[in-house]
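**Student:** Coordinates in final_29.txt, compact mmCIF, C-alpha atoms, are listed below.
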# COMPACT_ATOMS: atom_id res chain seq x y z
CA MET A 1 -82.82 -0.15 138.57
CA LYS A 2 -83.17 3.60 138.65
CA LYS A 3 -80.39 4.05 136.11
CA SER A 4 -82.05 1.73 133.64
CA TYR A 5 -85.25 3.74 133.90
CA ILE A 6 -83.35 6.87 133.01
CA SER A 7 -81.98 5.32 129.82
CA ILE A 8 -85.38 3.87 128.94
CA THR A 9 -86.91 7.28 129.53
CA PHE A 10 -84.34 8.83 127.24
CA VAL A 11 -85.07 6.24 124.57
CA THR A 12 -88.83 6.67 124.88
CA MET A 13 -88.37 10.40 124.62
CA LEU A 14 -86.42 9.93 121.42
CA ILE A 15 -89.11 7.61 120.10
CA GLY A 16 -91.72 10.20 121.00
CA ILE A 17 -89.88 12.87 119.10
CA MET A 18 -89.45 10.59 116.10
CA LEU A 19 -93.12 9.68 116.14
CA ALA A 20 -94.14 13.31 116.41
CA VAL A 21 -91.86 14.29 113.54
CA GLN A 22 -93.19 11.46 111.44
CA PHE A 23 -96.73 12.48 112.31
CA ASN A 24 -95.98 16.08 111.41
CA SER A 25 -94.44 15.07 108.11
CA THR A 26 -97.26 12.80 107.01
CA LYS A 27 -100.03 14.98 108.37
CA GLN A 28 -99.61 17.64 105.72
CA SER A 29 -99.98 15.33 102.77
CA ASP A 30 -103.07 13.87 104.42
CA ASP A 31 -104.55 17.36 104.65
CA ARG A 32 -104.11 17.85 100.95
CA ASP A 33 -105.78 14.59 100.09
CA THR A 34 -108.83 15.03 102.28
CA ARG A 35 -110.40 17.85 100.30
CA ASP A 36 -113.69 16.73 98.87
CA SER A 37 -114.79 17.51 95.36
CA TRP A 38 -116.72 20.62 96.40
CA GLU A 39 -113.74 22.09 98.14
CA ILE A 40 -111.61 21.31 95.11
CA ARG A 41 -114.21 22.98 92.91
CA GLU A 42 -114.15 26.06 95.12
CA ASP A 43 -110.37 26.18 95.05
CA TYR A 44 -110.45 25.74 91.31
CA THR A 45 -112.86 28.64 90.91
CA GLU A 46 -110.69 30.77 93.14
CA ALA A 47 -107.62 29.90 91.12
CA GLN A 48 -109.48 30.73 87.93
CA GLU A 49 -110.51 34.09 89.32
CA LEU A 50 -106.92 34.77 90.27
CA GLN A 51 -105.82 33.82 86.79
CA THR A 52 -108.35 36.15 85.19
CA LYS A 53 -107.22 38.92 87.47
CA LEU A 54 -103.59 38.34 86.62
CA LEU A 55 -104.36 38.20 82.90
CA GLN A 56 -106.23 41.49 83.17
CA GLU A 57 -103.29 43.03 84.96
CA ILE A 58 -100.93 41.79 82.29
CA ARG A 59 -103.18 43.20 79.59
CA THR A 60 -103.41 46.63 81.19
CA ASN A 61 -99.67 46.70 81.65
CA GLU A 62 -99.10 45.72 78.06
CA GLU A 63 -101.51 48.43 76.93
CA LYS A 64 -99.59 50.92 79.01
CA ILE A 65 -96.33 49.80 77.46
CA ALA A 66 -97.80 50.14 73.97
CA GLN A 67 -99.09 53.60 74.84
CA TYR A 68 -95.70 54.66 76.13
CA GLU A 69 -94.11 53.31 72.99
CA THR A 70 -96.39 55.28 70.71
CA ASP A 71 -95.98 58.38 72.88
CA ARG A 72 -92.26 58.03 72.67
CA HIS A 73 -92.47 57.45 68.95
CA ASN A 74 -94.60 60.47 68.35
CA SER A 75 -92.86 62.79 70.73
CA LYS A 76 -91.12 65.81 69.38
CA GLU A 77 -87.91 64.88 71.11
CA GLN A 78 -87.83 61.57 69.34
CA VAL A 79 -88.43 63.24 66.01
CA PHE A 80 -85.66 65.71 66.74
CA LEU A 81 -83.28 62.94 67.75
CA GLU A 82 -84.10 60.97 64.64
CA THR A 83 -83.60 64.02 62.45
CA LEU A 84 -80.34 64.74 64.20
CA ASP A 85 -79.17 61.19 63.55
CA GLU A 86 -80.21 61.45 59.92
CA LEU A 87 -78.39 64.71 59.53
CA ARG A 88 -75.30 63.37 61.19
CA ALA A 89 -75.36 60.35 58.89
CA GLU A 90 -75.80 62.66 55.90
CA ALA A 91 -72.99 64.92 57.03
CA GLY A 92 -70.68 61.93 57.33
CA LEU A 93 -70.27 62.03 61.10
CA LEU A 94 -71.41 58.43 61.51
CA GLU A 95 -69.83 55.22 60.34
CA THR A 96 -71.83 54.00 57.36
CA GLU A 97 -72.45 50.49 56.19
CA GLY A 98 -74.15 49.35 53.04
CA PRO A 99 -73.85 47.79 49.61
CA GLY A 100 -71.31 49.29 47.30
CA ILE A 101 -68.16 48.94 45.25
CA THR A 102 -64.48 49.48 45.84
CA ILE A 103 -62.18 51.10 43.34
CA LYS A 104 -58.48 50.33 43.53
CA LEU A 105 -55.89 52.64 42.08
CA THR A 106 -52.56 50.89 41.46
CA PRO A 107 -49.51 52.24 39.67
CA ILE A 108 -48.67 50.61 36.33
CA THR A 109 -45.12 49.59 37.00
CA GLN A 110 -43.99 48.83 33.47
CA TYR A 111 -44.56 52.44 32.39
CA ILE A 112 -42.59 53.99 35.18
CA ILE A 113 -39.32 55.28 33.83
CA PRO A 114 -36.48 55.10 36.33
CA GLY A 115 -35.48 58.50 37.54
CA GLU A 116 -38.89 60.04 37.16
CA SER A 117 -41.02 60.75 40.14
CA GLY A 118 -43.35 57.98 41.27
CA PRO A 119 -47.03 57.65 40.53
CA PHE A 120 -49.15 60.59 41.42
CA VAL A 121 -52.87 61.06 41.77
CA SER A 122 -53.94 64.32 40.34
CA SER A 123 -56.43 66.20 42.47
CA ASP A 124 -58.40 67.17 39.38
CA ILE A 125 -59.06 63.57 38.41
CA LEU A 126 -59.90 62.69 41.99
CA ARG A 127 -62.43 65.49 42.11
CA LYS A 128 -63.84 64.36 38.80
CA LEU A 129 -64.11 60.83 40.16
CA ILE A 130 -65.96 62.02 43.24
CA ASN A 131 -68.31 64.15 41.18
CA GLU A 132 -69.05 61.29 38.89
CA LEU A 133 -69.65 58.90 41.76
CA ASN A 134 -72.01 61.36 43.38
CA MET A 135 -73.76 61.83 40.07
CA TYR A 136 -74.29 58.08 39.76
CA GLY A 137 -75.90 57.71 43.13
CA ALA A 138 -73.14 57.29 45.70
CA THR A 139 -74.27 58.05 49.23
CA ALA A 140 -70.91 57.81 50.97
CA ILE A 141 -67.35 57.80 49.69
CA SER A 142 -64.04 57.22 51.37
CA ILE A 143 -60.62 57.55 49.80
CA ALA A 144 -57.83 55.65 51.57
CA GLU A 145 -60.10 55.31 54.62
CA GLN A 146 -60.70 59.09 54.64
CA ARG A 147 -64.36 59.96 54.54
CA VAL A 148 -65.27 62.37 51.79
CA ILE A 149 -67.87 64.89 52.88
CA ASN A 150 -69.17 68.11 51.37
CA THR A 151 -66.39 70.19 52.88
CA THR A 152 -63.57 67.77 52.17
CA VAL A 153 -60.54 69.54 50.78
CA ILE A 154 -58.57 67.87 48.00
CA ARG A 155 -55.49 69.74 46.90
CA GLU A 156 -51.90 69.35 45.91
CA VAL A 157 -49.36 70.45 48.46
CA ALA A 158 -45.70 70.28 47.47
CA GLY A 159 -46.27 67.68 44.80
CA VAL A 160 -48.43 65.39 46.94
CA THR A 161 -52.19 65.25 46.66
CA LYS A 162 -53.78 65.57 50.09
CA ILE A 163 -57.29 64.83 51.15
CA ASP A 164 -58.16 66.74 54.30
CA GLY A 165 -54.47 66.90 55.02
CA TYR A 166 -53.91 63.17 54.57
CA PRO A 167 -51.30 62.51 51.88
CA LEU A 168 -52.25 60.08 49.12
CA ASN A 169 -48.82 58.71 48.33
CA THR A 170 -49.07 55.09 49.46
CA PHE A 171 -50.39 52.80 46.76
CA PRO A 172 -52.66 51.13 46.12
CA ILE A 173 -55.30 53.67 47.02
CA GLU A 174 -58.68 52.24 47.80
CA VAL A 175 -61.84 54.19 47.13
CA LYS A 176 -64.94 52.81 48.79
CA VAL A 177 -68.32 53.84 47.55
CA ILE A 178 -71.64 53.02 49.15
CA ALA A 179 -74.94 53.29 47.32
CA SER A 180 -78.40 53.44 48.84
CA SER A 181 -79.34 49.92 47.78
CA GLU A 182 -77.94 46.91 46.03
CA ASP A 183 -79.66 47.91 42.79
CA GLN A 184 -78.06 51.32 43.05
CA ALA A 185 -74.70 49.68 43.71
CA ASN A 186 -75.13 47.59 40.56
CA LYS A 187 -76.03 50.67 38.56
CA LEU A 188 -73.05 52.48 39.98
CA TYR A 189 -70.83 49.58 39.00
CA ASN A 190 -72.18 49.48 35.45
CA ARG A 191 -71.83 53.21 34.98
CA MET A 192 -68.29 53.19 36.30
CA GLN A 193 -67.50 50.45 33.78
CA ILE A 194 -68.24 52.76 30.86
CA SER A 195 -66.88 55.88 32.48
CA SER A 196 -63.91 57.70 30.95
CA ILE A 197 -62.19 58.11 34.30
CA PRO A 198 -59.96 55.00 33.92
CA ASP A 199 -58.47 56.59 30.82
CA ASP A 200 -57.74 59.76 32.78
CA PHE A 201 -56.00 57.74 35.47
CA PHE A 202 -54.12 55.80 32.81
CA ILE A 203 -52.47 58.99 31.61
CA ASP A 204 -51.04 59.34 35.12
CA ASN A 205 -49.72 55.75 35.00
CA LEU A 206 -52.45 54.48 37.29
CA SER A 207 -54.74 51.58 36.60
CA MET A 208 -58.23 51.61 38.01
CA GLU A 209 -59.84 48.38 39.13
CA ILE A 210 -63.52 48.36 39.93
CA SER A 211 -64.66 45.52 42.13
CA GLU A 212 -67.96 43.72 41.74
CA PRO A 213 -70.68 45.18 43.96
CA LYS A 214 -70.41 43.90 47.50
CA GLU A 215 -73.27 43.50 49.93
CA LYS A 216 -71.54 45.11 52.84
CA LEU A 217 -68.96 47.83 52.87
CA MET A 218 -67.83 49.85 55.85
CA ILE A 219 -67.04 53.51 55.43
CA PRO A 220 -65.47 55.25 58.41
CA LYS A 221 -66.85 58.43 59.85
CA TYR A 222 -65.31 61.80 59.18
CA GLN A 223 -62.41 62.11 61.54
CA ASN A 224 -61.87 65.83 61.78
CA ASP A 225 -64.18 68.40 63.26
CA ILE A 226 -66.45 70.23 60.94
CA ASP A 227 -65.61 73.87 61.36
CA VAL A 228 -68.63 76.00 60.77
CA LYS A 229 -67.41 79.51 60.26
CA LYS A 230 -69.83 81.37 58.14
CA MET A 231 -73.14 79.95 59.26
CA GLU A 232 -75.45 81.31 61.85
CA PRO A 233 -78.67 79.89 63.18
CA VAL A 234 -81.78 81.69 62.00
CA LYS A 235 -83.41 83.55 64.83
CA GLU A 236 -86.90 82.33 65.43
CA GLU A 237 -89.61 84.88 65.26
CA GLY A 238 -92.76 84.70 67.27
CA GLY A 239 -91.54 81.72 69.24
CA LYS A 240 -90.06 81.73 72.67
CA MET B 1 -92.26 2.71 136.10
CA TRP B 2 -94.03 5.85 135.00
CA LEU B 3 -90.84 7.55 134.01
CA PRO B 4 -90.64 5.96 130.49
CA VAL B 5 -94.27 6.90 129.77
CA LEU B 6 -93.55 10.42 130.93
CA GLY B 7 -90.53 10.46 128.62
CA LEU B 8 -92.69 9.34 125.70
CA LEU B 9 -95.21 12.08 126.42
CA ILE B 10 -92.48 14.70 126.75
CA GLY B 11 -90.97 13.53 123.45
CA LEU B 12 -94.33 13.64 121.69
CA THR B 13 -95.17 17.13 122.94
CA LEU B 14 -91.70 18.39 122.09
CA GLY B 15 -91.92 16.96 118.59
CA LEU B 16 -95.40 18.32 118.02
CA LEU B 17 -94.65 21.74 119.47
CA THR B 18 -91.46 22.26 117.46
CA ASP B 19 -93.39 21.36 114.29
CA ILE B 20 -90.35 19.85 112.60
CA GLN B 21 -91.05 18.43 109.18
CA ILE B 22 -88.70 16.25 107.23
CA PRO B 23 -88.73 16.13 103.42
CA ASP B 24 -90.87 13.50 101.73
CA GLN B 25 -87.94 11.52 100.41
CA TYR B 26 -86.64 10.92 103.95
CA ALA B 27 -90.01 10.01 105.48
CA ASN B 28 -89.38 6.41 104.51
CA TYR B 29 -86.17 6.25 106.53
CA LEU B 30 -87.78 7.84 109.54
CA SER B 31 -90.64 5.37 109.55
CA ILE B 32 -88.16 2.48 109.46
CA ALA B 33 -86.16 4.12 112.25
CA VAL B 34 -89.34 4.50 114.33
CA LEU B 35 -90.10 0.83 113.82
CA ALA B 36 -86.57 -0.16 114.88
CA ALA B 37 -86.79 2.06 117.94
CA LEU B 38 -90.14 0.56 118.94
CA ASP B 39 -88.71 -2.93 118.50
CA THR B 40 -85.77 -2.11 120.74
CA LEU B 41 -88.05 -0.54 123.33
CA ILE B 42 -90.38 -3.53 123.48
CA GLY B 43 -87.37 -5.84 123.63
CA GLY B 44 -85.99 -3.80 126.50
CA ILE B 45 -89.28 -4.00 128.39
CA ARG B 46 -89.38 -7.75 127.88
CA ALA B 47 -85.80 -8.12 129.10
CA ASN B 48 -86.63 -5.98 132.09
CA LEU B 49 -89.57 -8.18 132.97
CA GLN B 50 -87.41 -11.29 132.56
CA ASN B 51 -84.68 -9.71 134.68
CA THR B 52 -82.15 -10.08 131.87
CA TYR B 53 -81.99 -6.37 131.19
CA ASP B 54 -78.56 -4.96 130.33
CA GLU B 55 -78.41 -1.22 129.86
CA LYS B 56 -75.45 -1.32 127.48
CA VAL B 57 -77.13 -3.86 125.24
CA PHE B 58 -80.33 -1.86 125.27
CA VAL B 59 -78.87 1.55 124.45
CA SER B 60 -76.40 0.23 121.88
CA GLY B 61 -79.13 -1.90 120.32
CA PHE B 62 -81.41 1.10 120.11
CA PHE B 63 -78.98 3.24 118.13
CA PHE B 64 -77.46 0.41 116.17
CA ASN B 65 -80.85 -0.92 115.02
CA ILE B 66 -82.02 2.54 113.99
CA ILE B 67 -78.86 3.22 111.99
CA LEU B 68 -78.87 -0.23 110.43
CA ALA B 69 -82.53 -0.03 109.43
CA ALA B 70 -82.16 3.43 107.96
CA SER B 71 -79.01 2.53 106.06
CA LEU B 72 -80.61 -0.66 104.80
CA SER B 73 -83.54 1.25 103.33
CA PHE B 74 -81.10 3.84 101.96
CA LEU B 75 -79.15 1.08 100.23
CA GLY B 76 -82.38 -0.44 98.95
CA ASP B 77 -83.43 2.92 97.55
CA HIS B 78 -80.22 3.19 95.60
CA LEU B 79 -80.17 -0.41 94.42
CA GLY B 80 -83.79 -0.31 93.35
CA VAL B 81 -84.63 -3.20 95.68
CA ASP B 82 -87.13 -2.64 98.48
CA LEU B 83 -84.65 -3.66 101.16
CA TYR B 84 -86.60 -1.78 103.82
CA LEU B 85 -89.13 -4.61 103.61
CA ALA B 86 -86.48 -6.86 105.16
CA ALA B 87 -86.21 -4.49 108.11
CA VAL B 88 -90.00 -4.16 108.35
CA PHE B 89 -90.37 -7.91 108.33
CA ALA B 90 -87.62 -8.60 110.89
CA PHE B 91 -88.70 -5.87 113.27
CA GLY B 92 -92.38 -6.62 112.82
CA VAL B 93 -92.00 -10.30 113.61
CA ARG B 94 -89.80 -9.58 116.61
CA LEU B 95 -92.18 -6.88 117.80
CA PHE B 96 -95.10 -9.28 117.87
CA GLN B 97 -93.03 -12.02 119.51
CA ASN B 98 -91.83 -9.66 122.22
CA ILE B 99 -95.30 -8.27 122.83
CA ALA B 100 -96.62 -11.84 123.11
CA VAL B 101 -93.93 -12.67 125.67
CA ILE B 102 -94.69 -9.51 127.66
CA ARG B 103 -98.36 -10.33 127.58
CA ARG B 104 -97.74 -13.82 128.91
CA ILE B 105 -95.42 -12.55 131.62
CA LEU B 106 -97.93 -9.96 132.74
CA LEU B 107 -100.78 -12.49 132.65
CA ASN B 108 -98.73 -14.85 134.79
CA LYS B 109 -97.88 -12.01 137.16
CA TRP B 110 -101.47 -11.03 137.66
CA SER B 111 -102.91 -14.59 137.72
CA PHE B 112 -100.38 -16.05 140.14
CA PRO B 113 -98.95 -13.19 142.12
CA GLN B 114 -97.06 -15.55 144.45
CA LYS B 115 -95.29 -17.57 141.76
CA ASN B 116 -93.43 -14.73 140.21
CA LYS B 117 -90.11 -16.50 140.36
CA LYS B 118 -91.19 -19.42 138.19
CA ILE B 119 -91.91 -17.41 135.13
CA ASP B 120 -89.87 -18.17 132.11
CA GLU B 121 -90.45 -18.30 128.40
Re-express the file's structure as structure tokens.
**Tutor:**
Amino acid sequence: MKKSYISITFVTMLIGIMLAVQFNSTKQSDDRDTRDSWEIREDYTEAQELQTKLLQEIRTNEEKIAQYETDRHNSKEQVFLETLDELRAEAGLLETEGPGITIKLTPITQYIIPGESGPFVSSDILRKLINELNMYGATAISIAEQRVINTTVIREVAGVTKIDGYPLNTFPIEVKVIASSEDQANKLYNRMQISSIPDDFFIDNLSMEISEPKEKLMIPKYQNDIDVKKMEPVKEEGGK
Amino acid sequence: MWLPVLGLLIGLTLGLLTDIQIPDQYANYLSIAVLAALDTLIGGIRANLQNTYDEKVFVSGFFFNIILAASLSFLGDHLGVDLYLAAVFAFGVRLFQNIAVIRRILLNKWSFPQKNKKIDE
């Protein structure tokens, strides 16, 4: 008899635990449901206050962000950095993208007489081409993926025309030109159509193809270092 | 005699003190399990009073009924049929029957204390 009581006790204990757990689990949802309308109103007001507070906080933070943004925008450092970037872009130290045209120089094979030296781009005509392109509004030029900048050297060395030391003897040679806008690119294209440069190239057995203006052209950055030899910064007077 | 009641109290206090809460979706199963456990307990008390108590039957019935009831409601949940109602019905009916039997046994016991042996259903 005693043994049976022990098992019954064990079972009742288990039932007690189950009941308690069940009670615990259902009790909470009961608590939530027993709020009367006034309590709900109070809670609602509290929640609204909290919301207003949070919204205010968000607004002040956003104002702060805006202020920081304008500060950053107006700061001297930012202006300097922007100017530096502009100057670098102008000097050709940054990769440039924009609307423009490509000019392809290909040798005219039927005029090449066997035994004579192959086609040859004269540095004079190349310089003339660059000058003309610049005159017509080109903002960036590359010849055979070599960026042309103000200090670019174009000269003939031992019968080969070199641009900054890069020999231009593999044809076709591609000249990429970027203009400031699509209108400018169109103008550039039209002016190149009536230019006399193709005739000059023709004398050297080269034909010049001018592509239609494209929306996006990539011009690489200048690959060598710019060696500044004869420039010195102006000493500031009166400043620090 | 007082040991089972003590066990129930201990179980209740333990459960309340530990503050265990089960997720809402399992509350259904627990309630069915509680019902099954109560049914087994009442059945056990009745068997005890009728001197047909078998500990193995009682303990195995306790766990088996709980598991069966819980799995039945689980199956019902997944089939979309309220199968737990079957368990509620079966256990509920048996619960009342058993309680009625216990009541009659106890009434007989107290009314005719000398004729204890004659009691049967």
**Student:** Could you pull the residues within 7 Å of segment 102-109 of chain A, counting only C-alpha atoms, minus those fewer than 4 positions along the same chain, as number ranges by chain?
**Tutor:** A: 119, 171-177, 205-211
**Student:** May I have the selected residues written with C-alpha atoms, as a PDB file, in the coordinates of the input?
**Tutor:**
ATOM      1  CA  PRO A 119     -47.030  57.650  40.530  1.00  0.00           C
ATOM      2  CA  PHE A 171     -50.390  52.800  46.760  1.00  0.00           C
ATOM      3  CA  PRO A 172     -52.660  51.130  46.120  1.00  0.00           C
ATOM      4  CA  ILE A 173     -55.300  53.670  47.020  1.00  0.00           C
ATOM      5  CA  GLU A 174     -58.680  52.240  47.800  1.00  0.00           C
ATOM      6  CA  VAL A 175     -61.840  54.190  47.130  1.00  0.00           C
ATOM      7  CA  LYS A 176     -64.940  52.810  48.790  1.00  0.00           C
ATOM      8  CA  VAL A 177     -68.320  53.840  47.550  1.00  0.00           C
ATOM      9  CA  ASN A 205     -49.720  55.750  35.000  1.00  0.00           C
ATOM     10  CA  LEU A 206     -52.450  54.480  37.290  1.00  0.00           C
ATOM     11  CA  SER A 207     -54.740  51.580  36.600  1.00  0.00           C
ATOM     12  CA  MET A 208     -58.230  51.610  38.010  1.00  0.00           C
ATOM     13  CA  GLU A 209     -59.840  48.380  39.130  1.00  0.00           C
ATOM     14  CA  ILE A 210     -63.520  48.360  39.930  1.00  0.00           C
ATOM     15  CA  SER A 211     -64.660  45.520  42.130  1.00  0.00           C
TER      16      SER A 211
END
**Student:** If I put a ball of radius 7 Å at (-80.6, 3.3, 127.3) in the file's coordinates, which residues poke into it when counting all atoms listed in the file, written as number ranges by chain?
**Tutor:** A: 4, 7-8, 10-11; B: 55-56, 58-59
**Student:** Give me a file of those residues, with C-alpha atoms, as a compact mmCIF listing (two decimals), in the coordinates of the input.
**Tutor:**
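What landed in part18.txt:
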# COMPACT_ATOMS: atom_id res chain seq x y z
CA SER A 4 -82.05 1.73 133.64
CA SER A 7 -81.98 5.32 129.82
CA ILE A 8 -85.38 3.87 128.94
CA PHE A 10 -84.34 8.83 127.24
CA VAL A 11 -85.07 6.24 124.57
CA GLU B 55 -78.41 -1.22 129.86
CA LYS B 56 -75.45 -1.32 127.48
CA PHE B 58 -80.33 -1.86 125.27
CA VAL B 59 -78.87 1.55 124.45
**Student:** Name all residues at most 9 Å from Arg155 of chain A (count only C-alpha atoms; drop same-chain ones fewer than 6 positions away) and give them as JSON, numbers by chain.
**Tutor:** {"A": [122, 123, 124, 161, 162, 163, 164, 165]}
**Student:** Please produce, as JSON lines, a per-residue contact table for chain A versus chain B (criterion: any atom at most 6 Å away, all atoms listed in the file considered), showing the nearest atom pair and its distance in Å to one decimal, sorted by chain then residue number.
**Tutor:**
{"residue": "A:Ile8", "atom": "CA", "partner": "B:Pro4", "partner_atom": "CA", "distance": 5.9}
{"residue": "A:Thr9", "atom": "CA", "partner": "B:Pro4", "partner_atom": "CA", "distance": 4.1}
{"residue": "A:Thr12", "atom": "CA", "partner": "B:Leu8", "partner_atom": "CA", "distance": 4.8}
{"residue": "A:Met13", "atom": "CA", "partner": "B:Gly11", "partner_atom": "CA", "distance": 4.2}
{"residue": "A:Gly16", "atom": "CA", "partner": "B:Gly11", "partner_atom": "CA", "distance": 4.2}
{"residue": "A:Ile17", "atom": "CA", "partner": "B:Gly11", "partner_atom": "CA", "distance": 4.5}
{"residue": "A:Ala20", "atom": "CA", "partner": "B:Gly15", "partner_atom": "CA", "distance": 4.8}
{"residue": "A:Val21", "atom": "CA", "partner": "B:Gly15", "partner_atom": "CA", "distance": 5.7}
{"residue": "A:Asn24", "atom": "CA", "partner": "B:Gln21", "partner_atom": "CA", "distance": 5.9}
{"residue": "A:Ser25", "atom": "CA", "partner": "B:Gln21", "partner_atom": "CA", "distance": 4.9}
**Student:** Ala90 of chain B: which residues within 12 Å, counting only C-alpha atoms, same-chain residues fewer than 4 positions away excluded, as a list in words?
**Tutor:**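 The residues satisfying every condition are Ile32, Leu35, Ala36, Asp39, Thr40, Asn65, Ala69, Leu83, Tyr84, Leu85, Ala86, Arg94, Leu95, Phe96 and Gln97 of chain B.
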**Student:** Using atom CA of Gln22 of chain A and atom CA of Ala70 of chain B as the two end points, give the distance in Å to one decimal.
**Tutor:**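 That distance, rounded to one decimal, is 14.1 Å.
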**Student:** Find the distance between atom CA of Trp110 of chain B and atom CA of Gly92 of chain B and write it in Å to one decimal.
**Tutor:**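 Answer for the atom CA of Trp110 of chain B to atom CA of Gly92 of chain B separation: 26.8 Å.
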**Student:** Which value, in Å to one decimal, gives the distance between atom CA of Gly98 of chain A and atom CA of Glu69 of chain A?
**Tutor:** 28.5 Å
**Student:** For segment 133-149 of chain A, find every residue with an atom within 7 Å (counting only C-alpha atoms), except residues of its own chain fewer than 3 positions away, and show them as a PyMOL selection string.
**Tutor:** chain A and resi 91-92+129-130+152+173-180+184+188+219-222
**Student:** The centre and edge lengths of an axis-aligned box containing all atoms of segment 12-29 of chain A present in the file, extended by 8 Å on each side, are to be given in Å to one decimal, as JSON.
**Tutor:**
{"center_x": -93.2, "center_y": 12.2, "center_z": 113.8, "size_x": 29.6, "size_y": 27.0, "size_z": 38.1}
**Student:** Applying 9 Å and all atoms listed in the file, which residues near Arg46 of chain B remain after dropping the ones on its own chain fewer than 4 positions away? List them as a short mmCIF file (atom, residue, chain, number, x, y, z; two decimals) with C-alpha atoms, keeping the file's coordinate frame.
**Tutor:**
data_model
loop_
_atom_site.label_atom_id
_atom_site.label_comp_id
_atom_site.auth_asym_id
_atom_site.auth_seq_id
_atom_site.Cartn_x
_atom_site.Cartn_y
_atom_site.Cartn_z
CA LEU B 41 -88.05 -0.54 123.33
CA ILE B 42 -90.38 -3.53 123.48
CA GLN B 50 -87.41 -11.29 132.56
CA ASN B 51 -84.68 -9.71 134.68
CA THR B 52 -82.15 -10.08 131.87
CA TYR B 53 -81.99 -6.37 131.19
CA ASN B 98 -91.83 -9.66 122.22
CA ILE B 99 -95.30 -8.27 122.83
CA VAL B 101 -93.93 -12.67 125.67
CA ILE B 102 -94.69 -9.51 127.66
CA ILE B 105 -95.42 -12.55 131.62
#
**Student:** Let me make sure I understand: among B:Tyr29, B:Leu68, B:Gly61, B:Leu49, which one has the smallest atom-to-atom distance to Arg103 of chain B if we use only C-alpha atoms?
**Tutor:**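 When distances to Arg103 of chain B are compared using only C-alpha atoms, the smallest one comes from B:Leu49.
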